Amino acid sequence: MPPPRRALLCSLLRIRGCSSLAHHRPRPPPPSSRRHQFVADPNAAAGTGRSSVGGNPLDPTQLLRDDPVSITASLWVSSFRAAAPGDAAPPPPPTLAPFLTRLELWVLAYQKAYADETGSYLPRSSIPASTLTSILTLRNAVIDARFRFGNRLTPYLHSPRAAAAPDPATLSKRKLRALLTTPGPAPFQDRVVQELLLLLLEPVYEARFSPKSFAFRPGRSPHATLRSIRRSWAPYLWYIKGDLSPLLDSPDPALVVGALIRDVRDKKVVDLVRSALLTPVVTARPGDDDASKKKKKRKYQKKKVLPEGEPKPDPYWLQTFFGFAPEEALTQPDWGHCGVLSPLLANVCLDEFDKWMDEKIKEFYKPSKSDVVGGEDGIEQGNTSWPEFVPTSGPDKTRKVDYIRFGGHFLIGVRGPRADAAVIRKQLIEFCDQRFRIKLDNESLPIEHITKGIMFLDHVLCRRVVYPTLRYTATGGKIISEKGVGTLLSVTASLKQCIRQFRKLEFLKGDREPDPQPCFRMFHATQAHTNLQMNKLLTTMAEWYRYADNRKKVVNFCSYIIRGSLAKLYAAKYKLRSRAKVYKIASRNLSRPLKDKKGQSPEYTNLLRMGLVDSVDGLQYTRMSMVPDPDYTPLPSGWRPDHEKFLLEYIKLTDQQTLEEQRSCIREEGLITPQDHISMLVWSYKKNAVLLPSSKESDVQDSIEDLGSDTDELNNKELGHGGHQGFPQPTEMS
């Protein structure tokens with residue numbers, strides 16, 4: 001860099017000293033004293049004990065020895081093995097420093113960031129050598145504590161969509177100021193570091209998280225939350241619904257780092273997370289938005305042609321479905337420069353709340369022998385998801401508490417008197433005030449009875465009274481049939497919330513009598529494309545309400561709103577004036593091509609002439625009988641996601657104690673394993689081989705017998721009993 005340019009840069013950095021981008025980068029030590037000098041010690045840079053003899057130690061390809069997926073899988077297995085139940089002492093904190101130096105994991109993190117950036121997967125064999133060198137440089141900068149989040153002046157790794165990015169050293173003063181003060185997306189190298197931290201921290205905490213949390217975790221979807229509530233929340237009378245979203249909106253860095261240090265003791269990993277939390281983010285000034293809007297104001301808007309490498313935006317049906325996100329899923333944590341690491345850190349902070357609630361569940365559990373819910377051993381005596389034919393409260397009934405959390409929203413169920421719920425609420429307010437510094441009160445934590453209906457994840461939890469017929473055999477063999485009264489937990493989709501979401505998306509207006517509005521965003525699309533988009537939306541809606549008791553009703557209502565919206569759109573597009581004419585021409589499900597005054601639909605005729613379409617697909621679920629039935633498949637007891645189930649099974653099968661238990665059980669039953677059976681066969685063969693004659697004696701005896709049989713055959717041939725007459729005669733044996 002020329003001296004004037006360096007002086008200009010230093011003065012500008014002093015002016016912008018409040019930003020983390022202006023931090024002075026220390027000069028690296030000389031090559032002889034560097035910790036990660038590949039010429040001196042290539043093995044330390046690779047994080048393995050093997051040497052690369054015969055290769056260039058500065059070549060990154062020489063450091064890519066192992067499969068990154070295998071390395072990550074080993075971390076998952078070791079984390080789950082350390083946190084497996086039954087250990088007397090708590091597991092030691094995992095050591096992540098060796099994994100932080102593995103170049104294979106850095107390449108895997110780059111592949112994930114590349115897929116998010118471009119929308120396509122990049123194999124490791126297709127990564128250019130220059131990019132591998134940049135990844136190696138970024139890794140060395142992180143290990144040597146030279147990396148800073150949000151640093152746009154020292155790009156170690158460029159984005160694949162901005163390969164020809166200008167060098168900050170060649171920029172003018174105005175462009176350099178704009179680069180430092182203009183808000184924009186995070187640098188690509190920051191996202192690579194975030195992906196790497198996620199690869200290292202996620203297996204450590206997934207093994208330690210409570211099974212009561214169901215958000216921002218792999219395999220724990222809102223459907224799993226609803227199924228868990230349906231299975232085991234039938235006996236609860238009082239419910240407390242709370243919101244800890246303020247913690248997700250504005251976190252306390254000291255609280256996050258303190259929760260992280262309890263399980264992770266690696267200083268470099270903790271310092272990276274602390275730096276991501278404390279580094280300020282460049283935001284726009286209040287007047288910048290208005291000025292940019294005035295500059296961008298034009299008389300007409302040209303169509304935007306996307307570059308070849310830029311990912312395409314979400315289709316219309318997917319954008320519309322995102323508008324139906326429930327309240328509990330709207331808040332997505334995004335903390336500073338943490339990026340994709342923010343949801344995991346949010347669960348790390350709230351894991352202390354989960355542990356506290358687990359203690360309260362044990363404290364308020366008071367079993368009763370005469371109750372079907374649980375006895376003295378705490379084991380359920382019946383299926384609590386089926387109707388209870390006894391009152392759920394009273395002095396002779398089991399009193400218990402359950403808890404579930406989805407993100408920052410939680411739900412507490414209490415079986416017993418309302419006083420127990422009031423005590424839990426009071427202790428909950430004190431805990432959140434002392435630990436999280438969140439002010440909660442009785443209004444923010446209402447205690448509601450199940451008969452009023454509890455809204456959670458856009459589904460209403462309520463109690464339904466059923467009158468099943470009970471048949472039993474009395475004394476004397478007489479079968480008695482009588483009517484019983486029971487209560488059943490019902491999980492239904494909220495129709496009011498569905499109408500509210502449609503109104504927000506401008507699909508309808510009105511409260512008491514919803515009136516569909518035309519969907520003008522699809523005005524320039526063809527009828528076939530519009531119907532296809534809306535069918536995808538309806539299919540997704542039917543899958544979202546899969547476990548609702550009123551699935552048929554709510555999905556048919558969604559189909560009615562969308563069908564009416566499209567009918568008004570087609571009436572305006574083809575000048576048919578009313579929905580009745582649209583239904584008359586296109587039928588009830590809009591499957592027939594619409595025609596204008598000349599009698600032909602232009603876009604459908606062109607597509608049909610080119611052979612691209614045969615017919616227009618009609619809308620789905622126009623009748624309630626076409627909607628699939630609700631899914632009442634029960635959630636298994638002790639349910640876990642598939643990946644956790646496979647990990648625990650693998651750990652159990654590789655445990656030496658498990659193998660010894662299986663062998664002792666087989667011996668007790670008098671059975672023999674296939675391995676033992678083969679061993680017995682081999683041993684008996686060797687044992688019996690000792691009793692046979694020696695090999696030399698047996699070979700001589702066999703040869704004599706063979707020769708004797710040959711002479712007998714030749715004698716028979718001489719006597720004319722068979723064979724050829726001209727066959728030469730053998731000599732006499734001495």
# chains A, B, ... in the order shown; residues from 1 in each chain; ligands from 1
$ residues_around --residues "His643 (chain A)" --least-positions-apart "4" --cutoff "9 Å" --atoms "only C-alpha atoms" --output "PyMOL selection string"
chain A and resi 218-219+647-648
$ write_last_selection --atoms "N, CA and C atoms" --output "PDB file, in the first residue's frame"
ATOM      1  N   PRO A 218     -32.786 -29.752  15.398  1.00  0.00           N
ATOM      2  CA  PRO A 218     -33.079 -30.685  14.293  1.00  0.00           C
ATOM      3  C   PRO A 218     -34.016 -31.796  14.736  1.00  0.00           C
ATOM      4  N   GLY A 219     -35.027 -32.055  13.910  1.00  0.00           N
ATOM      5  CA  GLY A 219     -35.957 -33.143  14.173  1.00  0.00           C
ATOM      6  C   GLY A 219     -37.078 -32.818  15.135  1.00  0.00           C
ATOM      7  N   LEU A 647     -28.121 -42.590  17.021  1.00  0.00           N
ATOM      8  CA  LEU A 647     -26.896 -42.378  17.786  1.00  0.00           C
ATOM      9  C   LEU A 647     -26.896 -43.196  19.072  1.00  0.00           C
ATOM     10  N   LEU A 648     -28.007 -43.174  19.797  1.00  0.00           N
ATOM     11  CA  LEU A 648     -28.078 -43.931  21.047  1.00  0.00           C
ATOM     12  C   LEU A 648     -27.997 -45.434  20.794  1.00  0.00           C
TER      13      LEU A 648
END
$ atom_distance --atom1 "CA of His524 (chain A)" --atom2 "CA of Lys573 (chain A)"
8.8 Å
$ atom_distance --atom1 "CA of His459 (chain A)" --atom2 "CA of Thr398 (chain A)"
27.1 Å
$ residues_around --residues "region 262-270 of chain A" --least-positions-apart "3" --cutoff "9 Å" --atoms "only C-alpha atoms" --output "ChimeraX atom specification"
/A:92-97,100,142-143,145,197,201,204-205,257-259,273-275
$ write_last_selection --atoms "C-alpha atoms" --output "CSV table (one decimal), in the first residue's frame"
chain,number,residue,atom,x,y,z
A,92,PRO,CA,-16.4,-33.5,31.5
A,93,PRO,CA,-16.6,-30.5,29.1
A,94,PRO,CA,-15.7,-31.5,25.6
A,95,THR,CA,-12.4,-30.3,24.0
A,96,LEU,CA,-13.1,-28.5,20.7
A,97,ALA,CA,-9.6,-27.1,20.1
A,100,LEU,CA,-11.0,-26.1,15.3
A,142,VAL,CA,-8.9,-17.5,13.4
A,143,ILE,CA,-6.4,-19.6,15.3
A,145,ALA,CA,-6.7,-14.4,16.9
A,197,LEU,CA,-18.9,-22.9,15.1
A,201,LEU,CA,-21.3,-26.6,19.2
A,204,VAL,CA,-22.2,-30.8,22.2
A,205,TYR,CA,-25.5,-29.1,23.3
A,257,VAL,CA,-21.1,-16.2,27.5
A,258,GLY,CA,-21.8,-17.4,31.1
A,259,ALA,CA,-24.2,-20.1,29.9
A,273,VAL,CA,-18.7,-16.2,20.3
A,274,ARG,CA,-17.9,-13.2,22.6
A,275,SER,CA,-16.5,-11.3,19.7
$ atom_distance --atom1 "CA of Phe523 (chain A)" --atom2 "CA of Ala572 (chain A)"
9.0 Å
$ residues_around --residues "Thr633 (chain A)" --least-positions-apart "5" --cutoff "10 Å" --atoms "only C-alpha atoms" --output "PDB file with N, CA and C atoms, in the first residue's frame"
ATOM      1  N   ARG A 227     -48.053 -33.270  18.740  1.00  0.00           N
ATOM      2  CA  ARG A 227     -48.255 -34.701  19.020  1.00  0.00           C
ATOM      3  C   ARG A 227     -47.873 -35.041  20.456  1.00  0.00           C
ATOM      4  N   ARG A 231     -50.532 -36.505  23.296  1.00  0.00           N
ATOM      5  CA  ARG A 231     -50.328 -37.799  23.924  1.00  0.00           C
ATOM      6  C   ARG A 231     -50.425 -37.747  25.442  1.00  0.00           C
ATOM      7  N   TYR A 547     -52.493 -32.707  12.048  1.00  0.00           N
ATOM      8  CA  TYR A 547     -52.852 -33.303  13.336  1.00  0.00           C
ATOM      9  C   TYR A 547     -53.990 -32.558  14.032  1.00  0.00           C
TER      10      TYR A 547
END
$ select_by_dssp --residues "region 387-614 of chain A" --states "helix (DSSP H, G or I)" --output "count of residues only"
93
$ residues_around --residues "Phe188 (chain A)" --least-positions-apart "5" --cutoff "10 Å" --atoms "only C-alpha atoms" --output "compact mmCIF listing (two decimals) with C-alpha atoms, in the first residue's frame"
# COMPACT_ATOMS: atom_id res chain seq x y z
CA TYR A 110 -17.43 -23.32 3.23
CA ALA A 113 -22.09 -21.22 3.24
CA TYR A 114 -21.66 -21.60 -0.52
CA GLU A 117 -25.17 -18.06 -0.97
CA GLY A 150 -17.59 -7.62 10.23
CA ARG A 152 -14.55 -5.48 5.38
CA PRO A 155 -11.08 -10.03 3.24
CA TYR A 156 -9.48 -13.43 3.79
CA LEU A 157 -12.15 -15.21 1.72
CA HIS A 158 -14.31 -13.64 -0.98
CA SER A 159 -17.91 -14.48 -1.75
CA PRO A 160 -18.44 -16.79 -4.77
CA ARG A 161 -20.89 -14.23 -6.19
CA ALA A 162 -18.37 -11.38 -5.91
CA VAL A 193 -16.82 -19.04 10.65
CA GLN A 194 -20.43 -19.14 11.91
$ closest_residue --among "A:Lys173, A:Arg500, A:Arg471, A:Lys212" --to "Met357 (chain A)" --atoms "only C-alpha atoms"
A:Lys212
$ select_by_dssp --residues "region 50-297 of chain A" --states "strand (DSSP E)" --output "JSON, numbers by chain"
{"A": [238, 239, 240, 241, 242, 243]}
$ write_last_selection --atoms "all heavy atoms" --output "CSV table (one decimal), in the first residue's frame"
chain,number,residue,atom,x,y,z
A,238,TRP,N,-55.3,-26.9,34.6
A,238,TRP,CA,-54.9,-25.5,34.5
A,238,TRP,C,-53.6,-25.3,33.7
A,238,TRP,O,-52.7,-26.1,33.7
A,238,TRP,CB,-54.6,-24.9,36.0
A,238,TRP,CG,-55.8,-25.1,36.9
A,238,TRP,CD1,-56.0,-26.1,37.8
A,238,TRP,CD2,-56.9,-24.3,36.9
A,238,TRP,NE1,-57.2,-26.0,38.4
A,238,TRP,CE2,-57.8,-24.8,37.9
A,238,TRP,CE3,-57.3,-23.1,36.3
A,238,TRP,CZ2,-59.0,-24.3,38.3
A,238,TRP,CZ3,-58.5,-22.6,36.6
A,238,TRP,CH2,-59.4,-23.1,37.6
A,239,TYR,N,-53.6,-24.2,32.9
A,239,TYR,CA,-52.5,-23.9,32.0
A,239,TYR,C,-51.9,-22.5,32.2
A,239,TYR,O,-52.7,-21.6,32.4
A,239,TYR,CB,-53.0,-24.1,30.6
A,239,TYR,CG,-53.2,-25.5,30.1
A,239,TYR,CD1,-54.4,-26.2,30.5
A,239,TYR,CD2,-52.3,-26.2,29.4
A,239,TYR,CE1,-54.7,-27.5,30.1
A,239,TYR,CE2,-52.5,-27.5,29.0
A,239,TYR,CZ,-53.7,-28.2,29.4
A,239,TYR,OH,-53.9,-29.5,29.0
A,240,ILE,N,-50.6,-22.4,32.1
A,240,ILE,CA,-49.9,-21.2,32.2
A,240,ILE,C,-49.1,-21.0,30.9
A,240,ILE,O,-48.3,-21.8,30.6
A,240,ILE,CB,-49.0,-21.1,33.4
A,240,ILE,CG1,-49.7,-21.4,34.7
A,240,ILE,CG2,-48.3,-19.8,33.5
A,240,ILE,CD1,-48.8,-21.5,35.9
A,241,LYS,N,-49.4,-20.0,30.2
A,241,LYS,CA,-48.8,-19.7,28.9
A,241,LYS,C,-47.9,-18.4,29.1
A,241,LYS,O,-48.4,-17.4,29.5
A,241,LYS,CB,-49.8,-19.5,27.8
A,241,LYS,CG,-49.2,-19.3,26.4
A,241,LYS,CD,-50.3,-19.1,25.4
A,241,LYS,CE,-49.6,-18.8,24.0
A,241,LYS,NZ,-50.7,-18.6,23.0
A,242,GLY,N,-46.6,-18.5,28.8
A,242,GLY,CA,-45.7,-17.4,28.9
A,242,GLY,C,-44.9,-17.2,27.7
A,242,GLY,O,-44.8,-18.0,26.8
A,243,ASP,N,-44.2,-16.0,27.7
A,243,ASP,CA,-43.5,-15.6,26.6
A,243,ASP,C,-42.1,-15.0,27.1
A,243,ASP,O,-42.1,-14.0,27.9
A,243,ASP,CB,-44.2,-14.5,25.8
A,243,ASP,CG,-43.5,-14.1,24.5
A,243,ASP,OD1,-42.5,-14.7,24.2
A,243,ASP,OD2,-43.9,-13.1,23.9
